[in-house]
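Here is the structure we will look at.
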Amino acid sequence: MFMLHYCTGCGAIELPPAMTSRFDMERLGIQPMVTPRQADILLITGYVSIKTLKRVILTYEQMSSPKYVIGICSCTVNGGMYWQSYATAKKLSDYMPVDLYIAGCMPRPEAVISGMRTLMENIRSGKADNWKDYYQRYDHYLGNQQGLFGEKWQTPTDVIAEADHYGLSGPGTRGEHTELLLQHQKPLEALEMRLGLSGKTVEVES
Amino acid sequence: MNEEVALTPTLKAVLSEFDGLRYRYTSARRLRVDLPSDALPAMLELLQGRAGYAHLSAISCVDWPDDGDFELVYHVWSYTHQNLVSAHIRIPRDPGVYLSVYDLYQPAGFFERDIHEMFGVYFEGSPDMEKFILTEWDGPPPMRKEFDSEGFVNDHFTWQEYRPEWLEEIEEQGGGITTRPEDIRL
Amino acid sequence: MRAENYEAVRQPPSNEYELNFGPNHPGIEGNYALKVKLHGDQVVAARADGGYLHRGFEKLMEGRLWIQNLALVPRICVPDPAPMEVCYSVGIEDIGGLEAPERAQWLRVLQLELSRMASHLFAFGGHAATTGMYSPMFWGFADRDLILDLFEELTGGRVYHIYNIPGGVRRDIPEGFLDRVTSVMDYIESRLSDYDNLLFTNQVFVDRARGVGTLNQQQALEWGVTGPNLRATGLAFDVRRDDPYLVYDQIEFDVPTEQAGDAWARTLVRRKELVESIRIVRQVVERLPSIPGPIRCPIPNPLAWNLPAGETYTRVESSKGELAYYIVSNGGDKPYRVHVRGPSATHAVQVLENLARGSRLEDVAQIMFSLDACPPEVDR
């Protein structure tokens, strides 16, 4: 399993010990991966501030299915120690489906590895399919996201089209929030990147 | 009223240039100076040039809503004299504008930017008053005393449902939680 | 890409290209972003973009009791949390007129120096990783884990210790702890020559890191650089020596410096500081059995403790530079204002932008790691 190497918060300091020689996740088949497009697991290590949450949702939508989210540390569960803070998100599962929580502040590398193994068991037994939930109830998640980020919130990924493509769109995929999204959604424009090579322009899809 | 403090000759040379200031040693290497806000840039310039206080350690801002002031504190340290001078000034909260000391001390650029986004104080002459941390925040400056962080959280976020089995069993038998966490406030 | 966060560069044909060295990147220490404008490989301009780790600590601390903030305070700097706790506790002691007993001060020194060593092992492992050498990172983390085991034995927590309390420390050392400390120190000292062969005198690393992100002393003083970064330019300033706190005036240690001011010099200063920290820990281990006594001085009931009005500016030397807390009390049971001045406040924003300009893209990650700029301290 490839986990995305994105340190979102404090808990990231116990990830390198889990990856390196002492606790060695690699022998269980878990390796860090740099790009979200090829990663399976998104580890939310710790609290997510609102600014990070936008990037995390973008990253989550960029990952290809099936994908799993693990919420490490107690801050993803119910706000943790920063429950009074205006700048952190309290309940991560409002904004994206979470497959597993590993509680602690912060959890030991052994707890992280044990959590990963539980996730592997869940995947094997078929219980870990919350990624489908994102498509099936996209309206609910989008509503929460819009409530926090404002009504103009838009990501480059066309989740509704993906849901239709995977055959996972359900009654909860479209709703009032997606209506709001469609009103102002700008389609992706090609990013024009000009190089100073004799006036030749290259168009790049962003 | 100044206590009988033994100032070093260099500090005396600087502080004697100003009237209306009060100073005292709060501990062995900490001198606290209170001065009127229009005298501060000149004093920092003299401290830097004449007395060799080369390092601006921090600029702190304290909000005193009852007095209607912001208190700005400039902490400068001298490598040669090994002494820290904290210069306290008060500026009125209402316009909340002050001069920047970026031309004297470059680290002020960051601290003034930070105070600007957290308290709303504008520093004239600062090279950069753009937000750094709160770039996607459109509420009031959060460090002001009237901003209630907990109220904001209760308005904008929801909490996790907590219905564990053991609690449900207790409630079936007639018990339950007697004091909710919201009612205990230290 | 969100339209509001990205402005398309519409300009006449040029070689300039804007790249978001964004938060999700292994070349950035922590969760931080740097927007760089490039001409091919050369960085022309850089703009730091923080706030991804903002939790509003200063606001949170105003709403909690003095003693409750001890749980919050280590989380401000993630790799090196001990100086944060010590700074806060010493600040409260200054305002409240308490004095920690001598044994507690020596134990605090032990905690600080072990934390400094753990942080330096992390820092040069990270720096090596940005040049593509991953073995020092693995070794650094493995050795750091031994120190974290010591912390777990002493304080109960690997990373966040919450060991200090205003007035002293929470627990005394367990049985046989000092022997274990000595054996870990011996082990790390014996590994230093291996680290030298692998990393510090390795010609590949020296060639990569030399001349990258050079600061001279004049610039460092102007830009407010402190800590190992300043010592790498030749100025021997250390808060432990020049503004002593705890019992550092009774301990013998040197302040290592280098002259070059580039990334290699900074990492070398950290390696020398590792040696100095081992020396300090050995002195503490020697002195500690002969200092009996309480580990805490009596404090009033922490749940109803009104600290007298006053303010204090406490400074300690964290592994990254000068850490300072400005604590204001107005006589209540909660702090009125706590301002945290992290060492990376200057390093990660202005110094990083200035140094990145003119360097090559592959060196930007190296500059950030060699400055040891810790984003949680900047964002608080």
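Going through the structure tokens in order, the chains are called A, B, and so on, while each chain numbers its residues from 1 and the ligands are numbered from 1 in the order shown.
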Interface rows for chain B against chain A: nearest pair, Å to one decimal, 6 Å, only C-alpha atoms, as CSV:
residue,atom,partner,partner_atom,distance
B:Ser149,CA,A:Tyr86,CA,5.5
B:Glu150,CA,A:Gln84,CA,4.9
B:Val153,CA,A:Tyr86,CA,5.8
B:Gln160,CA,A:Asn78,CA,5.7
Those residues with N, CA and C atoms, as a PDB file, in the first residue's frame please?
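After the write, result-v1.pdb holds the following:
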ATOM      1  N   SER B 149     -13.391  32.917  20.406  1.00  0.00           N
ATOM      2  CA  SER B 149     -13.005  31.767  19.592  1.00  0.00           C
ATOM      3  C   SER B 149     -13.982  30.617  19.776  1.00  0.00           C
ATOM      4  N   GLU B 150     -14.404  30.405  21.025  1.00  0.00           N
ATOM      5  CA  GLU B 150     -15.282  29.261  21.258  1.00  0.00           C
ATOM      6  C   GLU B 150     -16.645  29.482  20.620  1.00  0.00           C
ATOM      7  N   VAL B 153     -16.379  28.718  17.050  1.00  0.00           N
ATOM      8  CA  VAL B 153     -16.325  27.275  16.796  1.00  0.00           C
ATOM      9  C   VAL B 153     -17.709  26.670  16.885  1.00  0.00           C
ATOM     10  N   GLN B 160     -18.676  15.505  17.175  1.00  0.00           N
ATOM     11  CA  GLN B 160     -18.823  14.075  16.909  1.00  0.00           C
ATOM     12  C   GLN B 160     -19.910  13.504  17.811  1.00  0.00           C
TER      13      GLN B 160
END
Checklist entry - Residues at most 8 Å from Arg240 (chain C), counting only C-alpha atoms, excluding those fewer than 6 positions away in the same chain, as number ranges by chain? => result C: 248-249, 316-317
Generate a file of the selected residues that holds N, CA and C atoms, formatted as a PDB file, in the first residue's frame.
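See again09.pdb below for the written result:
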ATOM      1  N   TYR C 248      22.923  26.803  33.737  1.00  0.00           N
ATOM      2  CA  TYR C 248      23.951  26.760  32.704  1.00  0.00           C
ATOM      3  C   TYR C 248      25.216  27.496  33.097  1.00  0.00           C
ATOM      4  N   ASP C 249      25.125  28.418  34.028  1.00  0.00           N
ATOM      5  CA  ASP C 249      26.367  29.100  34.409  1.00  0.00           C
ATOM      6  C   ASP C 249      27.271  28.215  35.242  1.00  0.00           C
ATOM      7  N   VAL C 316      15.139  31.207  25.897  1.00  0.00           N
ATOM      8  CA  VAL C 316      15.970  30.015  26.028  1.00  0.00           C
ATOM      9  C   VAL C 316      16.564  29.733  24.662  1.00  0.00           C
ATOM     10  N   GLU C 317      17.578  28.902  24.663  1.00  0.00           N
ATOM     11  CA  GLU C 317      18.207  28.520  23.413  1.00  0.00           C
ATOM     12  C   GLU C 317      17.604  27.193  22.979  1.00  0.00           C
TER      13      GLU C 317
END
I want to know what sits within 12 Å of Arg341 (chain C), based on only C-alpha atoms, with residues of the same chain fewer than 4 positions away left out; could you give that as a PDB file with C-alpha atoms, in the first residue's frame?
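Listing of around_0.pdb after writing:
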ATOM      1  CA  LEU B  56      15.369  43.027  17.528  1.00  0.00           C
ATOM      2  CA  SER B  57      14.146  39.976  19.318  1.00  0.00           C
ATOM      3  CA  ALA B  58      10.404  40.468  18.936  1.00  0.00           C
ATOM      4  CA  ILE B  59       7.583  42.985  18.707  1.00  0.00           C
ATOM      5  CA  SER B  60       4.639  41.969  20.861  1.00  0.00           C
ATOM      6  CA  CYS B  61       1.203  43.485  20.958  1.00  0.00           C
ATOM      7  CA  HIS B  75      12.377  43.888  22.697  1.00  0.00           C
ATOM      8  CA  PRO B 107      13.007  41.372  11.468  1.00  0.00           C
ATOM      9  CA  PHE B 110       7.622  39.733   9.961  1.00  0.00           C
ATOM     10  CA  PHE B 111       6.416  40.824  13.387  1.00  0.00           C
ATOM     11  CA  ASP B 114       1.868  39.225  12.150  1.00  0.00           C
TER      12      ASP B 114
ATOM     13  CA  GLU C  58      -2.047  32.503  21.560  1.00  0.00           C
ATOM     14  CA  ILE C  76       4.168  24.693  19.251  1.00  0.00           C
ATOM     15  CA  CYS C  77       7.488  23.251  18.128  1.00  0.00           C
ATOM     16  CA  MET C  84       8.897  25.527  24.922  1.00  0.00           C
ATOM     17  CA  CYS C  87      10.456  28.748  28.696  1.00  0.00           C
ATOM     18  CA  TYR C  88       6.828  28.872  29.742  1.00  0.00           C
ATOM     19  CA  THR C 226      19.905  33.372  15.735  1.00  0.00           C
ATOM     20  CA  TYR C 313      10.284  38.088  28.565  1.00  0.00           C
ATOM     21  CA  THR C 314      11.938  34.717  28.913  1.00  0.00           C
ATOM     22  CA  ARG C 315      14.490  33.449  26.452  1.00  0.00           C
ATOM     23  CA  VAL C 316      15.970  30.015  26.028  1.00  0.00           C
ATOM     24  CA  GLU C 317      18.207  28.520  23.413  1.00  0.00           C
ATOM     25  CA  SER C 318      16.244  25.973  21.484  1.00  0.00           C
ATOM     26  CA  LYS C 320      16.819  26.163  16.201  1.00  0.00           C
ATOM     27  CA  GLY C 321      17.744  29.465  17.731  1.00  0.00           C
ATOM     28  CA  GLU C 322      16.519  31.965  20.238  1.00  0.00           C
ATOM     29  CA  LEU C 323      13.116  31.132  21.602  1.00  0.00           C
ATOM     30  CA  ALA C 324      11.320  33.757  23.631  1.00  0.00           C
ATOM     31  CA  TYR C 325       8.015  34.070  25.407  1.00  0.00           C
ATOM     32  CA  TYR C 326       6.434  37.338  26.387  1.00  0.00           C
ATOM     33  CA  ILE C 327       3.916  36.519  29.098  1.00  0.00           C
ATOM     34  CA  ALA C 345       9.866  33.450  12.805  1.00  0.00           C
ATOM     35  CA  THR C 346      12.750  35.186  11.122  1.00  0.00           C
ATOM     36  CA  HIS C 347      14.372  32.149   9.512  1.00  0.00           C
ATOM     37  CA  PRO C 376       4.775  25.146  13.454  1.00  0.00           C
ATOM     38  CA  GLU C 377       6.743  27.798  15.293  1.00  0.00           C
ATOM     39  CA  VAL C 378       6.046  30.370  12.629  1.00  0.00           C
ATOM     40  CA  ASP C 379       2.375  29.574  12.378  1.00  0.00           C
ATOM     41  CA  ARG C 380       1.701  28.902  16.027  1.00  0.00           C
TER      42      ARG C 380
END
Item to check | Residue neighbourhood Ala103 (chain A), 9 Å, only C-alpha atoms, exclusion window fewer than 3 positions, as number ranges by chain | outcome: A: 71-77, 106-107, 111
Print the selection's residues with N, CA and C atoms to a file, as a PDB file, in the first residue's frame.
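Listed below is the output, out.pdb:
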ATOM      1  N   GLY A  71      -7.328   8.745   9.789  1.00  0.00           N
ATOM      2  CA  GLY A  71      -7.211   9.918  10.638  1.00  0.00           C
ATOM      3  C   GLY A  71      -6.378   9.572  11.859  1.00  0.00           C
ATOM      4  N   ILE A  72      -5.161  10.079  11.882  1.00  0.00           N
ATOM      5  CA  ILE A  72      -4.263   9.759  12.991  1.00  0.00           C
ATOM      6  C   ILE A  72      -4.381  10.866  14.007  1.00  0.00           C
ATOM      7  N   CYS A  73      -4.262  10.570  15.246  1.00  0.00           N
ATOM      8  CA  CYS A  73      -4.329  11.510  16.360  1.00  0.00           C
ATOM      9  C   CYS A  73      -5.771  11.883  16.675  1.00  0.00           C
ATOM     10  N   SER A  74      -5.952  12.312  17.900  1.00  0.00           N
ATOM     11  CA  SER A  74      -7.323  12.580  18.354  1.00  0.00           C
ATOM     12  C   SER A  74      -7.912  13.826  17.739  1.00  0.00           C
ATOM     13  N   CYS A  75      -7.095  14.641  17.107  1.00  0.00           N
ATOM     14  CA  CYS A  75      -7.642  15.891  16.587  1.00  0.00           C
ATOM     15  C   CYS A  75      -8.568  15.662  15.419  1.00  0.00           C
ATOM     16  N   THR A  76      -8.399  14.544  14.727  1.00  0.00           N
ATOM     17  CA  THR A  76      -9.299  14.288  13.610  1.00  0.00           C
ATOM     18  C   THR A  76     -10.634  13.772  14.092  1.00  0.00           C
ATOM     19  N   VAL A  77     -10.671  13.254  15.314  1.00  0.00           N
ATOM     20  CA  VAL A  77     -11.900  12.646  15.801  1.00  0.00           C
ATOM     21  C   VAL A  77     -12.892  13.713  16.220  1.00  0.00           C
ATOM     22  N   MET A 106       0.716  11.916  20.598  1.00  0.00           N
ATOM     23  CA  MET A 106       0.385  11.263  19.369  1.00  0.00           C
ATOM     24  C   MET A 106       0.574   9.761  19.466  1.00  0.00           C
ATOM     25  N   PRO A 107      -0.020   9.011  18.601  1.00  0.00           N
ATOM     26  CA  PRO A 107       0.099   7.560  18.706  1.00  0.00           C
ATOM     27  C   PRO A 107       1.528   7.120  18.422  1.00  0.00           C
ATOM     28  N   ALA A 111       1.490   1.907  17.185  1.00  0.00           N
ATOM     29  CA  ALA A 111       0.046   2.063  17.031  1.00  0.00           C
ATOM     30  C   ALA A 111      -0.291   2.377  15.585  1.00  0.00           C
TER      31      ALA A 111
END
Produce a table with one row for each residue of chain B that has an atom at most 10 Å from any atom of chain C, each row naming the nearest atom pair and its distance in Å at one decimal; use only C-alpha atoms; arrange rows by chain and rising residue number; format as a Markdown table.
| residue | atom | partner | partner_atom | distance |
| --- | --- | --- | --- | --- |
| B:Thr26 | CA | C:Thr312 | CA | 8.1 |
| B:Ser27 | CA | C:Asp94 | CA | 8.9 |
| B:Ala28 | CA | C:Asp243 | CA | 9.5 |
| B:Arg29 | CA | C:Asp243 | CA | 7.5 |
| B:Arg30 | CA | C:Tyr313 | CA | 8.1 |
| B:Arg32 | CA | C:Thr312 | CA | 9.8 |
| B:Ala54 | CA | C:Leu221 | CA | 7.2 |
| B:His55 | CA | C:Gly224 | CA | 6.2 |
| B:Leu56 | CA | C:Gly224 | CA | 6.8 |
| B:Ser57 | CA | C:Gly224 | CA | 7.5 |
| B:Ala58 | CA | C:Arg341 | CA | 6.5 |
| B:Ile59 | CA | C:Arg341 | CA | 8.8 |
| B:Ser60 | CA | C:His339 | CA | 6.4 |
| B:Cys61 | CA | C:His339 | CA | 8.1 |
| B:Val62 | CA | C:Arg337 | CA | 6.5 |
| B:Asp63 | CA | C:Arg337 | CA | 8.3 |
| B:Trp64 | CA | C:Tyr336 | CA | 9.6 |
| B:Val73 | CA | C:Tyr326 | CA | 9.4 |
| B:His75 | CA | C:Tyr313 | CA | 8.5 |
| B:Tyr79 | CA | C:Phe237 | CA | 7.6 |
| B:Thr80 | CA | C:Asp242 | CA | 9.7 |
| B:His81 | CA | C:Asp242 | CA | 9.5 |
| B:Gln82 | CA | C:Asp242 | CA | 6.4 |
| B:Asn83 | CA | C:Asp243 | CA | 8.1 |
| B:Leu84 | CA | C:Tyr313 | CA | 9.2 |
| B:Ser86 | CA | C:Tyr313 | CA | 8.6 |
| B:Leu104 | CA | C:Glu222 | CA | 9.1 |
| B:Tyr105 | CA | C:Glu222 | CA | 6.9 |
| B:Gln106 | CA | C:Trp223 | CA | 5.6 |
| B:Pro107 | CA | C:Gly224 | CA | 5.6 |
| B:Ala108 | CA | C:Gly224 | CA | 9.1 |
| B:Gly109 | CA | C:Gln350 | CA | 8.2 |
| B:Phe110 | CA | C:Thr346 | CA | 7.0 |
| B:Phe111 | CA | C:Ala345 | CA | 8.2 |
| B:Asp114 | CA | C:Asp379 | CA | 9.7 |
| B:Met118 | CA | C:Gly56 | CA | 9.7 |
| B:Lys131 | CA | C:Asp49 | CA | 9.3 |
| B:Phe132 | CA | C:Gly50 | CA | 6.1 |
| B:Ile133 | CA | C:Gly51 | CA | 3.8 |
| B:Leu134 | CA | C:Gly51 | CA | 6.3 |
| B:Thr135 | CA | C:Gly51 | CA | 7.6 |
| B:Glu136 | CA | C:Asn5 | CA | 9.3 |
| B:Pro142 | CA | C:Lys59 | CA | 7.7 |
| B:Met143 | CA | C:Lys59 | CA | 6.1 |
| B:Arg144 | CA | C:Lys59 | CA | 8.9 |
| B:Lys145 | CA | C:Lys59 | CA | 9.0 |
| B:Phe147 | CA | C:Lys59 | CA | 9.4 |
| B:Asp148 | CA | C:Lys59 | CA | 9.2 |
| B:Ser149 | CA | C:Lys59 | CA | 7.5 |
| B:Glu150 | CA | C:Gly63 | CA | 9.2 |
| B:Arg185 | CA | C:Arg64 | CA | 9.5 |
| B:Leu186 | CA | C:Leu65 | CA | 7.2 |
For the residues in that selection, give me C-alpha atoms as a PDB file, in the first residue's frame.
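Done, and the output landed in out-v8.pdb:
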ATOM      1  CA  THR B  26      12.648  43.893  36.029  1.00  0.00           C
ATOM      2  CA  SER B  27      15.469  41.416  36.471  1.00  0.00           C
ATOM      3  CA  ALA B  28      19.200  41.199  36.040  1.00  0.00           C
ATOM      4  CA  ARG B  29      19.365  41.645  32.294  1.00  0.00           C
ATOM      5  CA  ARG B  30      15.953  43.084  31.516  1.00  0.00           C
ATOM      6  CA  ARG B  32      11.693  47.937  30.960  1.00  0.00           C
ATOM      7  CA  ALA B  54      21.639  45.315  17.107  1.00  0.00           C
ATOM      8  CA  HIS B  55      19.112  42.545  17.547  1.00  0.00           C
ATOM      9  CA  LEU B  56      15.369  43.027  17.528  1.00  0.00           C
ATOM     10  CA  SER B  57      14.146  39.976  19.318  1.00  0.00           C
ATOM     11  CA  ALA B  58      10.404  40.468  18.936  1.00  0.00           C
ATOM     12  CA  ILE B  59       7.583  42.985  18.707  1.00  0.00           C
ATOM     13  CA  SER B  60       4.639  41.969  20.861  1.00  0.00           C
ATOM     14  CA  CYS B  61       1.203  43.485  20.958  1.00  0.00           C
ATOM     15  CA  VAL B  62      -1.146  43.354  23.923  1.00  0.00           C
ATOM     16  CA  ASP B  63      -4.768  44.353  23.666  1.00  0.00           C
ATOM     17  CA  TRP B  64      -6.154  46.427  26.504  1.00  0.00           C
ATOM     18  CA  VAL B  73       6.461  46.166  23.100  1.00  0.00           C
ATOM     19  CA  HIS B  75      12.377  43.888  22.697  1.00  0.00           C
ATOM     20  CA  TYR B  79      25.272  41.354  21.827  1.00  0.00           C
ATOM     21  CA  THR B  80      27.971  43.497  23.313  1.00  0.00           C
ATOM     22  CA  HIS B  81      26.282  44.615  26.530  1.00  0.00           C
ATOM     23  CA  GLN B  82      24.198  41.454  26.969  1.00  0.00           C
ATOM     24  CA  ASN B  83      21.168  43.289  28.103  1.00  0.00           C
ATOM     25  CA  LEU B  84      17.589  43.352  26.841  1.00  0.00           C
ATOM     26  CA  SER B  86      11.821  46.217  26.292  1.00  0.00           C
ATOM     27  CA  LEU B 104      15.981  50.150  11.420  1.00  0.00           C
ATOM     28  CA  TYR B 105      15.447  46.483  12.101  1.00  0.00           C
ATOM     29  CA  GLN B 106      14.611  44.094   9.320  1.00  0.00           C
ATOM     30  CA  PRO B 107      13.007  41.372  11.468  1.00  0.00           C
ATOM     31  CA  ALA B 108      10.288  43.905  12.206  1.00  0.00           C
ATOM     32  CA  GLY B 109       8.880  43.094   8.782  1.00  0.00           C
ATOM     33  CA  PHE B 110       7.622  39.733   9.961  1.00  0.00           C
ATOM     34  CA  PHE B 111       6.416  40.824  13.387  1.00  0.00           C
ATOM     35  CA  ASP B 114       1.868  39.225  12.150  1.00  0.00           C
ATOM     36  CA  MET B 118      -3.862  39.198  14.217  1.00  0.00           C
ATOM     37  CA  LYS B 131      -1.506  38.470   5.357  1.00  0.00           C
ATOM     38  CA  PHE B 132       0.806  35.604   6.008  1.00  0.00           C
ATOM     39  CA  ILE B 133      -0.994  33.076   8.158  1.00  0.00           C
ATOM     40  CA  LEU B 134      -4.617  34.075   7.779  1.00  0.00           C
ATOM     41  CA  THR B 135      -4.658  34.380   4.024  1.00  0.00           C
ATOM     42  CA  GLU B 136      -8.028  32.724   3.651  1.00  0.00           C
ATOM     43  CA  PRO B 142      -8.718  37.002  15.836  1.00  0.00           C
ATOM     44  CA  MET B 143      -6.430  38.063  18.638  1.00  0.00           C
ATOM     45  CA  ARG B 144      -8.575  40.985  19.698  1.00  0.00           C
ATOM     46  CA  LYS B 145     -10.251  40.433  22.994  1.00  0.00           C
ATOM     47  CA  PHE B 147     -13.351  37.868  19.265  1.00  0.00           C
ATOM     48  CA  ASP B 148     -14.751  34.797  20.957  1.00  0.00           C
ATOM     49  CA  SER B 149     -13.005  31.767  19.592  1.00  0.00           C
ATOM     50  CA  GLU B 150     -15.282  29.261  21.258  1.00  0.00           C
ATOM     51  CA  ARG B 185     -15.672  25.738  33.007  1.00  0.00           C
ATOM     52  CA  LEU B 186     -12.486  26.454  34.814  1.00  0.00           C
TER      53      LEU B 186
END
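Using only C-alpha atoms for every distance, the candidate list C:Ser190, C:Asn301, C:Asn31, C:Ser183 yields C:Asn31 as the residue closest to chain A.
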Which residues of chain A sit at most 8 Å from chain C, using only C-alpha atoms? Give each one's shortest atom pair and distance in Å (one decimal place), in chain and ascending residue order, as a Markdown table.
| residue | atom | partner | partner_atom | distance |
| --- | --- | --- | --- | --- |
| A:His5 | CA | C:Pro26 | CA | 7.1 |
| A:Tyr6 | CA | C:Asn24 | CA | 5.2 |
| A:Cys7 | CA | C:Gly30 | CA | 6.1 |
| A:Thr8 | CA | C:Asn31 | CA | 6.0 |
| A:Gly9 | CA | C:Leu53 | CA | 6.5 |
| A:Cys10 | CA | C:Val78 | CA | 6.2 |
| A:Ile13 | CA | C:Pro79 | CA | 7.0 |
| A:Pro16 | CA | C:Phe141 | CA | 7.3 |
| A:Pro17 | CA | C:Phe141 | CA | 6.1 |
| A:Thr20 | CA | C:Phe138 | CA | 5.5 |
| A:Ser21 | CA | C:Ala142 | CA | 6.5 |
| A:Arg22 | CA | C:Ala142 | CA | 6.0 |
| A:Val34 | CA | C:His25 | CA | 7.4 |
| A:Val48 | CA | C:Leu53 | CA | 7.5 |
| A:Ser49 | CA | C:Leu53 | CA | 6.0 |
| A:Ile50 | CA | C:Tyr52 | CA | 7.8 |
| A:Lys51 | CA | C:Tyr52 | CA | 5.5 |
| A:Thr52 | CA | C:Tyr52 | CA | 5.1 |
| A:Met81 | CA | C:Leu72 | CA | 7.6 |
| A:Tyr82 | CA | C:Arg55 | CA | 7.0 |
| A:Gln84 | CA | C:Leu60 | CA | 6.8 |
| A:Ser85 | CA | C:Gly56 | CA | 6.0 |
| A:Tyr86 | CA | C:Gly56 | CA | 7.0 |
| A:Ala87 | CA | C:Arg55 | CA | 5.3 |
| A:Thr88 | CA | C:Arg55 | CA | 6.1 |
| A:Met106 | CA | C:Val159 | CA | 7.8 |
| A:Gln154 | CA | C:Arg2 | CA | 7.2 |
| A:Thr155 | CA | C:Arg2 | CA | 6.5 |
| A:Pro156 | CA | C:Met1 | CA | 6.7 |
| A:Leu191 | CA | C:Ala8 | CA | 7.8 |
| A:Arg194 | CA | C:Pro13 | CA | 5.8 |
| A:Leu195 | CA | C:Asn15 | CA | 5.7 |
| A:Gly196 | CA | C:Ser14 | CA | 5.1 |
| A:Gly199 | CA | C:Pro13 | CA | 7.1 |
Item to check | DSSP-assigned alpha helix (DSSP H) members of region 4-202 of chain A, reported as a PyMOL selection string | outcome: chain A and resi 15-19+50-62+75-78+109-125+130-136+138-149+159-166+176-184
Item to check | Residues near Ser100 (chain B), cut-off 10 Å, only C-alpha atoms, skip fewer than 6 positions along chain, as JSON, numbers by chain | outcome: {"B": [41, 108, 109, 112, 122, 123, 124, 125, 126, 127]}
Next on the checklist: Report as a list in words all protein, DNA and RNA residues lying within 6 Å of Met63 (chain A), evaluated on only C-alpha atoms, omitting residues in the same chain fewer than 2 positions from it.
Outcome noted: Pro36, Arg37, Tyr60 and Glu61 of chain A
Next on the checklist: For the structure I just gave you, how does DSSP split region 22-142 of chain B - specifically, which residues are strand (DSSP E)? Reply as a PyMOL selection string.
Outcome noted: chain B and resi 22-27+30-34+55-64+69-78+83-92+97-99+122-124
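When CA of Ile295 (chain C) is paired with CA of Pro166 (chain C), their separation reads 11.0 Å.
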